[in-house]
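Enquirer: If it helps, the file is called start29.txt and holds compact mmCIF, N, CA and C atoms:
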# COMPACT_ATOMS: atom_id res chain seq x y z
N MET Y 1 63.78 39.03 -28.83
CA MET Y 1 62.37 38.97 -29.18
C MET Y 1 62.19 39.54 -30.58
N ALA Y 2 61.31 38.98 -31.34
CA ALA Y 2 60.96 39.50 -32.67
C ALA Y 2 59.53 40.02 -32.64
N ASN Y 3 59.17 40.76 -33.68
CA ASN Y 3 57.78 41.19 -33.79
C ASN Y 3 56.89 39.96 -33.84
N THR Y 4 55.77 40.00 -33.12
CA THR Y 4 54.81 38.90 -33.11
C THR Y 4 53.49 39.40 -33.70
N PHE Y 5 53.02 38.71 -34.73
CA PHE Y 5 51.83 39.13 -35.46
C PHE Y 5 50.71 38.11 -35.30
N SER Y 6 49.48 38.61 -35.36
CA SER Y 6 48.29 37.77 -35.43
C SER Y 6 47.34 38.40 -36.44
N ASN Y 7 46.80 37.57 -37.32
CA ASN Y 7 45.88 38.06 -38.34
C ASN Y 7 44.70 37.10 -38.40
N THR Y 8 43.49 37.63 -38.17
CA THR Y 8 42.30 36.80 -38.13
C THR Y 8 41.21 37.38 -39.00
N VAL Y 9 40.67 36.54 -39.88
CA VAL Y 9 39.51 36.93 -40.68
C VAL Y 9 38.28 36.63 -39.83
N ILE Y 10 37.58 37.67 -39.41
CA ILE Y 10 36.40 37.52 -38.55
C ILE Y 10 35.16 37.23 -39.39
N LEU Y 11 35.07 37.88 -40.57
CA LEU Y 11 33.92 37.70 -41.45
C LEU Y 11 34.41 37.64 -42.89
N ASP Y 12 34.01 36.61 -43.60
CA ASP Y 12 34.32 36.45 -45.02
C ASP Y 12 33.02 36.03 -45.69
N SER Y 13 32.25 37.01 -46.16
CA SER Y 13 30.95 36.73 -46.75
C SER Y 13 30.93 37.23 -48.19
N PRO Y 14 29.89 36.94 -48.95
CA PRO Y 14 29.84 37.42 -50.33
C PRO Y 14 29.86 38.94 -50.48
N ASN Y 15 29.49 39.67 -49.43
CA ASN Y 15 29.42 41.14 -49.52
C ASN Y 15 30.35 41.89 -48.59
N ARG Y 16 30.82 41.23 -47.54
CA ARG Y 16 31.60 41.94 -46.51
C ARG Y 16 32.77 41.10 -46.02
N VAL Y 17 33.80 41.83 -45.57
CA VAL Y 17 34.99 41.20 -45.00
C VAL Y 17 35.40 42.02 -43.78
N VAL Y 18 35.73 41.33 -42.67
CA VAL Y 18 36.27 41.98 -41.48
C VAL Y 18 37.52 41.22 -41.07
N VAL Y 19 38.63 41.95 -40.92
CA VAL Y 19 39.91 41.35 -40.57
C VAL Y 19 40.51 42.12 -39.40
N ILE Y 20 41.05 41.37 -38.41
CA ILE Y 20 41.76 41.96 -37.28
C ILE Y 20 43.23 41.58 -37.38
N GLU Y 21 44.09 42.58 -37.29
CA GLU Y 21 45.54 42.39 -37.33
C GLU Y 21 46.11 42.98 -36.06
N THR Y 22 46.95 42.20 -35.35
CA THR Y 22 47.60 42.70 -34.14
C THR Y 22 49.10 42.43 -34.24
N MET Y 23 49.86 43.26 -33.51
CA MET Y 23 51.31 43.09 -33.46
C MET Y 23 51.81 43.56 -32.11
N ILE Y 24 52.75 42.80 -31.55
CA ILE Y 24 53.53 43.23 -30.40
C ILE Y 24 54.96 43.25 -30.89
N GLY Y 25 55.60 44.43 -30.79
CA GLY Y 25 56.87 44.59 -31.47
C GLY Y 25 58.06 44.88 -30.58
N ASP Y 26 59.22 44.67 -31.20
CA ASP Y 26 60.50 44.89 -30.53
C ASP Y 26 61.31 46.01 -31.17
N GLY Y 27 60.69 46.79 -32.05
CA GLY Y 27 61.39 47.87 -32.71
C GLY Y 27 61.88 47.54 -34.11
N THR Y 28 61.65 46.32 -34.57
CA THR Y 28 62.07 45.91 -35.91
C THR Y 28 61.14 46.51 -36.96
N ALA Y 29 61.71 47.10 -38.01
CA ALA Y 29 60.92 47.70 -39.09
C ALA Y 29 60.05 46.64 -39.77
N ILE Y 30 58.95 47.09 -40.34
CA ILE Y 30 58.00 46.22 -41.05
C ILE Y 30 57.88 46.74 -42.47
N ALA Y 31 58.04 45.85 -43.46
CA ALA Y 31 57.96 46.28 -44.86
C ALA Y 31 56.92 45.45 -45.60
N ASP Y 32 55.92 46.12 -46.14
CA ASP Y 32 54.89 45.50 -46.98
C ASP Y 32 54.28 44.25 -46.36
N ARG Y 33 53.94 44.33 -45.09
CA ARG Y 33 53.25 43.21 -44.43
C ARG Y 33 51.81 43.18 -44.93
N VAL Y 34 51.36 42.04 -45.42
CA VAL Y 34 49.98 41.90 -45.91
C VAL Y 34 49.07 41.79 -44.69
N VAL Y 35 48.18 42.77 -44.52
CA VAL Y 35 47.25 42.77 -43.38
C VAL Y 35 45.84 42.35 -43.80
N VAL Y 36 45.48 42.56 -45.07
CA VAL Y 36 44.25 42.00 -45.64
C VAL Y 36 44.67 41.31 -46.94
N ASP Y 37 44.60 39.98 -46.92
CA ASP Y 37 45.04 39.17 -48.06
C ASP Y 37 43.81 38.76 -48.87
N LYS Y 38 43.55 39.48 -49.94
CA LYS Y 38 42.34 39.23 -50.74
C LYS Y 38 42.32 37.82 -51.30
N SER Y 39 43.47 37.28 -51.70
CA SER Y 39 43.51 35.94 -52.30
C SER Y 39 43.21 34.84 -51.28
N ALA Y 40 43.33 35.13 -49.99
CA ALA Y 40 43.05 34.13 -48.95
C ALA Y 40 41.58 34.08 -48.55
N LEU Y 41 40.80 35.03 -49.03
CA LEU Y 41 39.37 35.04 -48.69
C LEU Y 41 38.69 33.91 -49.45
N THR Y 42 37.86 33.15 -48.75
CA THR Y 42 37.26 31.97 -49.37
C THR Y 42 35.86 32.20 -49.89
N VAL Y 43 35.12 33.16 -49.34
CA VAL Y 43 33.73 33.39 -49.75
C VAL Y 43 33.62 34.66 -50.59
N PHE Y 44 34.35 35.71 -50.21
CA PHE Y 44 34.29 36.97 -50.94
C PHE Y 44 34.71 36.72 -52.39
N PRO Y 45 33.95 37.18 -53.37
CA PRO Y 45 34.25 36.89 -54.78
C PRO Y 45 35.64 37.40 -55.18
N SER Y 46 36.47 36.51 -55.72
CA SER Y 46 37.85 36.87 -56.04
C SER Y 46 37.95 37.94 -57.11
N ALA Y 47 36.98 38.01 -58.02
CA ALA Y 47 37.02 39.01 -59.08
C ALA Y 47 36.53 40.37 -58.61
N SER Y 48 35.96 40.43 -57.42
CA SER Y 48 35.40 41.69 -56.91
C SER Y 48 36.48 42.59 -56.35
N GLN Y 49 36.19 43.86 -56.34
CA GLN Y 49 37.10 44.87 -55.83
C GLN Y 49 36.75 45.18 -54.38
N LEU Y 50 37.72 45.05 -53.47
CA LEU Y 50 37.50 45.44 -52.08
C LEU Y 50 37.39 46.95 -51.97
N LYS Y 51 36.54 47.39 -51.06
CA LYS Y 51 36.43 48.80 -50.72
C LYS Y 51 36.47 48.89 -49.20
N ILE Y 52 37.26 49.80 -48.66
CA ILE Y 52 37.37 49.96 -47.22
C ILE Y 52 36.25 50.87 -46.74
N GLU Y 53 35.45 50.35 -45.82
CA GLU Y 53 34.39 51.16 -45.19
C GLU Y 53 34.89 51.84 -43.92
N LYS Y 54 35.72 51.10 -43.16
CA LYS Y 54 36.13 51.63 -41.86
C LYS Y 54 37.42 50.93 -41.42
N ILE Y 55 38.27 51.69 -40.73
CA ILE Y 55 39.46 51.15 -40.08
C ILE Y 55 39.45 51.63 -38.64
N GLN Y 56 39.42 50.68 -37.69
CA GLN Y 56 39.55 51.02 -36.28
C GLN Y 56 40.99 50.68 -35.89
N TYR Y 57 41.60 51.53 -35.06
CA TYR Y 57 43.00 51.31 -34.73
C TYR Y 57 43.31 51.71 -33.30
N CYS Y 58 44.28 51.01 -32.73
CA CYS Y 58 44.87 51.34 -31.44
C CYS Y 58 46.36 51.06 -31.60
N ILE Y 59 47.18 52.10 -31.51
CA ILE Y 59 48.59 52.01 -31.87
C ILE Y 59 49.43 52.61 -30.75
N TYR Y 60 50.55 51.94 -30.44
CA TYR Y 60 51.48 52.46 -29.45
C TYR Y 60 52.91 52.34 -29.98
N GLY Y 61 53.62 53.46 -30.05
CA GLY Y 61 55.04 53.45 -30.38
C GLY Y 61 55.37 53.11 -31.82
N ILE Y 62 54.46 53.42 -32.74
CA ILE Y 62 54.70 53.06 -34.13
C ILE Y 62 53.99 54.05 -35.06
N SER Y 63 54.64 54.40 -36.14
CA SER Y 63 54.02 55.15 -37.23
C SER Y 63 53.95 54.23 -38.43
N MET Y 64 52.80 54.17 -39.07
CA MET Y 64 52.64 53.20 -40.16
C MET Y 64 51.97 53.82 -41.37
N LEU Y 65 52.23 53.19 -42.49
CA LEU Y 65 51.64 53.57 -43.75
C LEU Y 65 50.82 52.37 -44.23
N LEU Y 66 49.52 52.58 -44.47
CA LEU Y 66 48.66 51.54 -45.03
C LEU Y 66 48.50 51.83 -46.52
N GLU Y 67 48.64 50.79 -47.35
CA GLU Y 67 48.59 50.98 -48.79
C GLU Y 67 47.89 49.83 -49.48
N TRP Y 68 47.33 50.12 -50.68
CA TRP Y 68 46.87 49.07 -51.59
C TRP Y 68 48.13 48.54 -52.27
N ASP Y 69 48.30 47.22 -52.28
CA ASP Y 69 49.48 46.59 -52.85
C ASP Y 69 49.43 46.63 -54.37
N ALA Y 70 50.54 47.02 -55.00
CA ALA Y 70 50.68 47.06 -56.45
C ALA Y 70 52.16 47.20 -56.76
N THR Y 71 52.51 47.27 -58.04
CA THR Y 71 53.90 47.52 -58.41
C THR Y 71 54.37 48.80 -57.74
N THR Y 72 53.57 49.85 -57.82
CA THR Y 72 53.76 51.07 -57.05
C THR Y 72 52.54 51.21 -56.15
N ASP Y 73 52.73 50.99 -54.84
CA ASP Y 73 51.61 50.97 -53.90
C ASP Y 73 50.88 52.32 -53.88
N THR Y 74 49.57 52.26 -53.55
CA THR Y 74 48.73 53.44 -53.44
C THR Y 74 48.40 53.68 -51.97
N THR Y 75 48.68 54.86 -51.46
CA THR Y 75 48.47 55.17 -50.04
C THR Y 75 46.99 55.20 -49.68
N ILE Y 76 46.67 54.54 -48.57
CA ILE Y 76 45.33 54.58 -47.98
C ILE Y 76 45.31 55.55 -46.82
N ALA Y 77 46.26 55.38 -45.87
CA ALA Y 77 46.30 56.22 -44.68
C ALA Y 77 47.65 56.13 -44.00
N VAL Y 78 47.98 57.15 -43.23
CA VAL Y 78 49.15 57.17 -42.36
C VAL Y 78 48.62 57.23 -40.93
N LEU Y 79 49.03 56.29 -40.09
CA LEU Y 79 48.50 56.19 -38.73
C LEU Y 79 49.63 56.16 -37.71
N GLY Y 80 49.30 56.54 -36.48
CA GLY Y 80 50.23 56.39 -35.37
C GLY Y 80 51.01 57.64 -35.09
N GLY Y 81 52.07 57.45 -34.33
CA GLY Y 81 52.93 58.55 -33.93
C GLY Y 81 53.86 58.08 -32.84
N VAL Y 82 54.56 59.00 -32.21
CA VAL Y 82 55.56 58.66 -31.21
C VAL Y 82 54.92 57.99 -30.00
N GLY Y 83 53.84 58.54 -29.49
CA GLY Y 83 53.16 57.95 -28.34
C GLY Y 83 52.12 56.95 -28.81
N GLY Y 84 50.96 57.01 -28.20
CA GLY Y 84 49.87 56.13 -28.58
C GLY Y 84 48.75 56.91 -29.24
N SER Y 85 48.00 56.22 -30.08
CA SER Y 85 46.83 56.84 -30.69
C SER Y 85 45.79 55.76 -30.96
N SER Y 86 44.55 56.18 -30.97
CA SER Y 86 43.47 55.25 -31.30
C SER Y 86 42.34 56.04 -31.94
N GLY Y 87 41.53 55.34 -32.68
CA GLY Y 87 40.41 56.02 -33.32
C GLY Y 87 39.79 55.17 -34.41
N THR Y 88 38.94 55.81 -35.18
CA THR Y 88 38.24 55.17 -36.28
C THR Y 88 38.29 56.08 -37.50
N LEU Y 89 38.68 55.52 -38.62
CA LEU Y 89 38.56 56.20 -39.90
C LEU Y 89 37.31 55.62 -40.55
N ASP Y 90 36.26 56.42 -40.64
CA ASP Y 90 34.98 55.93 -41.13
C ASP Y 90 34.71 56.48 -42.53
N PHE Y 91 34.75 55.57 -43.50
CA PHE Y 91 34.51 55.91 -44.90
C PHE Y 91 33.20 55.30 -45.40
N THR Y 92 32.28 54.98 -44.48
CA THR Y 92 31.05 54.28 -44.82
C THR Y 92 30.28 54.98 -45.94
N ASP Y 93 30.21 56.31 -45.89
CA ASP Y 93 29.46 57.05 -46.91
C ASP Y 93 30.19 57.12 -48.24
N CYS Y 94 31.50 56.91 -48.22
CA CYS Y 94 32.30 56.98 -49.45
C CYS Y 94 33.50 56.03 -49.30
N PRO Y 95 33.28 54.71 -49.42
CA PRO Y 95 34.35 53.73 -49.21
C PRO Y 95 35.55 53.95 -50.14
N ILE Y 96 36.73 53.60 -49.65
CA ILE Y 96 37.96 53.74 -50.42
C ILE Y 96 38.18 52.48 -51.26
N PRO Y 97 38.09 52.59 -52.59
CA PRO Y 97 38.27 51.40 -53.44
C PRO Y 97 39.75 51.15 -53.73
N ASP Y 98 40.05 49.89 -54.05
CA ASP Y 98 41.37 49.53 -54.55
C ASP Y 98 41.57 50.28 -55.87
N ASN Y 99 42.78 50.73 -56.12
CA ASN Y 99 43.07 51.46 -57.35
C ASN Y 99 43.25 50.47 -58.50
N THR Y 100 42.25 50.32 -59.33
CA THR Y 100 42.29 49.33 -60.42
C THR Y 100 43.11 49.83 -61.61
N ALA Y 101 43.54 51.08 -61.61
CA ALA Y 101 44.26 51.64 -62.76
C ALA Y 101 45.78 51.44 -62.67
N VAL Y 102 46.27 50.88 -61.57
CA VAL Y 102 47.72 50.73 -61.42
C VAL Y 102 48.18 49.33 -61.82
N ALA Y 103 49.41 49.23 -62.25
CA ALA Y 103 49.99 47.94 -62.67
C ALA Y 103 50.31 47.07 -61.46
N GLY Y 104 50.15 45.78 -61.63
CA GLY Y 104 50.56 44.82 -60.61
C GLY Y 104 49.73 44.81 -59.35
N ARG Y 105 48.50 45.30 -59.40
CA ARG Y 105 47.69 45.36 -58.20
C ARG Y 105 47.23 43.95 -57.79
N SER Y 106 47.21 43.71 -56.48
CA SER Y 106 46.79 42.41 -55.94
C SER Y 106 45.45 42.48 -55.23
N GLY Y 107 45.03 43.67 -54.83
CA GLY Y 107 43.82 43.81 -54.03
C GLY Y 107 44.10 43.69 -52.54
N ASP Y 108 45.36 43.40 -52.17
CA ASP Y 108 45.74 43.28 -50.76
C ASP Y 108 45.97 44.65 -50.14
N ILE Y 109 45.83 44.71 -48.82
CA ILE Y 109 46.20 45.89 -48.06
C ILE Y 109 47.49 45.56 -47.32
N VAL Y 110 48.50 46.42 -47.48
CA VAL Y 110 49.80 46.17 -46.86
C VAL Y 110 50.16 47.30 -45.91
N LEU Y 111 51.05 46.97 -44.96
CA LEU Y 111 51.49 47.91 -43.93
C LEU Y 111 53.00 48.02 -43.97
N THR Y 112 53.50 49.25 -43.91
CA THR Y 112 54.93 49.50 -43.80
C THR Y 112 55.16 50.42 -42.61
N ALA Y 113 56.16 50.09 -41.79
CA ALA Y 113 56.48 50.91 -40.62
C ALA Y 113 57.99 50.93 -40.43
N ASN Y 114 58.56 52.12 -40.50
CA ASN Y 114 60.00 52.26 -40.29
C ASN Y 114 60.33 52.89 -38.95
N SER Y 115 59.36 53.58 -38.37
CA SER Y 115 59.56 54.25 -37.08
C SER Y 115 58.83 53.45 -36.01
N ILE Y 116 59.56 52.57 -35.34
CA ILE Y 116 58.95 51.67 -34.35
C ILE Y 116 59.75 51.71 -33.06
N ALA Y 117 59.06 51.93 -31.94
CA ALA Y 117 59.71 51.92 -30.63
C ALA Y 117 59.81 50.48 -30.11
N ASN Y 118 60.59 50.31 -29.08
CA ASN Y 118 60.68 49.03 -28.38
C ASN Y 118 60.33 49.29 -26.92
N PRO Y 119 59.16 48.87 -26.45
CA PRO Y 119 58.15 48.04 -27.10
C PRO Y 119 57.18 48.88 -27.95
N SER Y 120 56.42 48.18 -28.77
CA SER Y 120 55.38 48.81 -29.59
C SER Y 120 54.27 47.79 -29.82
N SER Y 121 53.10 48.30 -30.23
CA SER Y 121 51.99 47.38 -30.50
C SER Y 121 50.94 48.08 -31.35
N TYR Y 122 50.14 47.26 -32.01
CA TYR Y 122 48.98 47.81 -32.71
C TYR Y 122 47.89 46.77 -32.82
N THR Y 123 46.67 47.25 -32.91
CA THR Y 123 45.51 46.46 -33.29
C THR Y 123 44.79 47.26 -34.35
N LEU Y 124 44.54 46.61 -35.49
CA LEU Y 124 43.82 47.23 -36.60
C LEU Y 124 42.64 46.35 -36.95
N VAL Y 125 41.49 46.96 -37.17
CA VAL Y 125 40.31 46.22 -37.61
C VAL Y 125 39.85 46.85 -38.92
N PHE Y 126 39.82 46.04 -39.98
CA PHE Y 126 39.43 46.50 -41.30
C PHE Y 126 38.03 45.99 -41.62
N TYR Y 127 37.14 46.89 -42.01
CA TYR Y 127 35.80 46.57 -42.45
C TYR Y 127 35.75 46.87 -43.95
N CYS Y 128 35.56 45.85 -44.77
CA CYS Y 128 35.55 46.03 -46.22
C CYS Y 128 34.28 45.46 -46.82
N ARG Y 129 33.97 45.91 -48.04
CA ARG Y 129 32.79 45.40 -48.75
C ARG Y 129 33.04 45.44 -50.24
N LEU Y 130 32.06 44.94 -50.99
CA LEU Y 130 32.13 44.99 -52.45
C LEU Y 130 32.08 46.43 -52.91
Using the file provided, produce a representation of the structure as structure tokens.
Expert:
Amino acid sequence: MANTFSNTVILDSPNRVVVIETMIGDGTAIADRVVVDKSALTVFPSASQLKIEKIQYCIYGISMLLEWDATTDTTIAVLGGVGGSSGTLDFTDCPIPDNTAVAGRSGDIVLTANSIANPSSYTLVFYCRL
């Protein structure tokens, strides 16, 4: 069995984006998986900078690093652990912007996970805005 991923854009509007990413895993490491692909958004203005308002998560058997994609990625959050964890990171009052000062930035949000149990799973919901 290999890791099985699902990525769905729930909302792609001129002001807001909501993306759900799920994975059922077999213990295989994940490197720079694009979980929010800014270039694939059809309505959200391509020249605009994404800002994360909220991340909801439910994770089992995995530790992950969420980052803004660039030549040298910028850390957003570290989630998970040996067992299971769930919760909400709410940045509504002070959204986390993409780091525009770094070289090679794409505006994408990527996930890296080296510590993965077999079995493992996650569901992540990203709420972003201009």
Enquirer: Take atom C of Leu66 of chain Y and atom CA of Val43 of chain Y and report the distance between them in Å, one decimal.
Expert: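 Calculated distance between atom C of Leu66 of chain Y and atom CA of Val43 of chain Y is 23.8 Å.
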Enquirer: Extract, using only C-alpha atoms, all DNA, RNA and protein residues at most 9 Å from Leu111 of chain Y, discarding same-chain residues fewer than 4 positions from it, and format them as a PyMOL selection string.
Expert: chain Y and resi 30-35+64-67
Enquirer: Calculated over all atoms listed in the file, which of the candidates Y:Gly83, Y:Pro97, Y:Ser121, Y:Val110 has the smallest distance to Lys51 of chain Y?
Expert: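 Nearest candidate to Lys51 of chain Y out of Y:Gly83, Y:Pro97, Y:Ser121, Y:Val110: Y:Pro97.
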Enquirer: Have a look at atom C of Ser63 of chain Y and atom CA of Ala29 of chain Y and let me know their distance in Å, one decimal.
Expert: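 Interatomic distance here is 9.6 Å.
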Enquirer: Counting only C-alpha atoms, select every polymer residue within 7 Å of (50.1, 57.6, -28.5) as defined in the file's coordinates, and provide the selection as a list in words.
Expert: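 With a cut-off of 7 Å, the residues come to Ile59, Tyr60, Gly61, Gly80, Gly81, Val82, Gly83, Gly84 and Ser85 of chain Y.
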Enquirer: Measuring atom to atom with only N, CA and C atoms, identify which of Y:Val18, Y:Ile52, Y:Cys128, Y:Ile62 is nearest to Cys94 of chain Y.
Expert: Y:Ile52
Enquirer: Pick the closest to Pro119 of chain Y from Y:Thr88, Y:Gly27, Y:Val78, Y:Gln49: which is it, counting only N, CA and C atoms?
Expert: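 The closest residue to Pro119 of chain Y is Y:Gly27.
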Enquirer: Between atom CA of Thr72 of chain Y and atom CA of Ala103 of chain Y, what is the distance, to one decimal in Å?
Expert: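 Computing it gives 7.5 Å between the two atoms.
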Enquirer: Kindly extract all protein, DNA and RNA residues lying within 6 Å of the coordinates (37.7, 47.5, -35.6) given in the file, considering only N, CA and C atoms, and supply them as a count of residues only.
Expert: 6
Enquirer: Around segment 57-71 of chain Y, with edges along x, y and z and 3 Å added on all six sides, what centre and edge lengths do you get, in Å to one decimal, as JSON?
Expert:
{"center_x": 48.5, "center_y": 50.9, "center_z": -43.9, "size_x": 19.8, "size_y": 14.6, "size_z": 35.0}
Enquirer: Fewer than 3 positions away in the same chain doesn't count, so skip those; otherwise give me all residues within 6 Å of Ser6 of chain Y, counting all atoms listed in the file, as a compact mmCIF listing (two decimals) with N, CA and C atoms, in the coordinates of the input.
Expert:
# COMPACT_ATOMS: atom_id res chain seq x y z
N ILE Y 20 41.05 41.37 -38.41
CA ILE Y 20 41.76 41.96 -37.28
C ILE Y 20 43.23 41.58 -37.38
N GLU Y 21 44.09 42.58 -37.29
CA GLU Y 21 45.54 42.39 -37.33
C GLU Y 21 46.11 42.98 -36.06
N THR Y 22 46.95 42.20 -35.35
CA THR Y 22 47.60 42.70 -34.14
C THR Y 22 49.10 42.43 -34.24
N MET Y 23 49.86 43.26 -33.51
CA MET Y 23 51.31 43.09 -33.46
C MET Y 23 51.81 43.56 -32.11
Enquirer: Which of these residues is nearest to Arg129 of chain Y, using only N, CA and C atoms: Y:Val102, Y:Cys58, Y:Ile96, Y:Leu50?
Expert: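 Residue with the minimum atom-to-atom distance to Arg129 of chain Y: Y:Leu50.
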Enquirer: I need the residues of segment 39-82 of chain Y that end up classed as strand (DSSP E) by DSSP on the backbone, written out as a PyMOL selection string.
Expert: chain Y and resi 51-68+74-82
Enquirer: For each of Y:Asp98, Y:Glu53, Y:Asp93, Y:Asp73, take the minimum atom-to-atom distance to Arg16 of chain Y, counting only C-alpha atoms, then give the residue where this is smallest.
Expert: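 Going through Y:Asp98, Y:Glu53, Y:Asp93, Y:Asp73 one by one, the smallest distance to Arg16 of chain Y is for Y:Glu53.
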Enquirer: Could you give me, as a tab-separated table (two decimals) with N, CA and C atoms, in the coordinates of the input, the residues within 8 Å of Arg105 of chain Y, counting only C-alpha atoms and dropping anything in the same chain fewer than 4 positions from it?
Expert:
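That gives us selection_37.tsv:
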chain	number	residue	atom	x	y	z
Y	68	TRP	N	47.33	50.12	-50.68
Y	68	TRP	CA	46.87	49.07	-51.59
Y	68	TRP	C	48.13	48.54	-52.27
Y	69	ASP	N	48.30	47.22	-52.28
Y	69	ASP	CA	49.48	46.59	-52.85
Y	69	ASP	C	49.43	46.63	-54.37
Y	70	ALA	N	50.54	47.02	-55.00
Y	70	ALA	CA	50.68	47.06	-56.45
Y	70	ALA	C	52.16	47.20	-56.76
Y	71	THR	N	52.51	47.27	-58.04
Y	71	THR	CA	53.90	47.52	-58.41
Y	71	THR	C	54.37	48.80	-57.74
Y	99	ASN	N	42.78	50.73	-56.12
Y	99	ASN	CA	43.07	51.46	-57.35
Y	99	ASN	C	43.25	50.47	-58.50
Y	100	THR	N	42.25	50.32	-59.33
Y	100	THR	CA	42.29	49.33	-60.42
Y	100	THR	C	43.11	49.83	-61.61
Enquirer: When distances are computed from only N, CA and C atoms, which of Y:Ile10, Y:Ala2, Y:Ile24, Y:Ala77 shows the smallest separation from Tyr122 of chain Y?
Expert: Y:Ile24
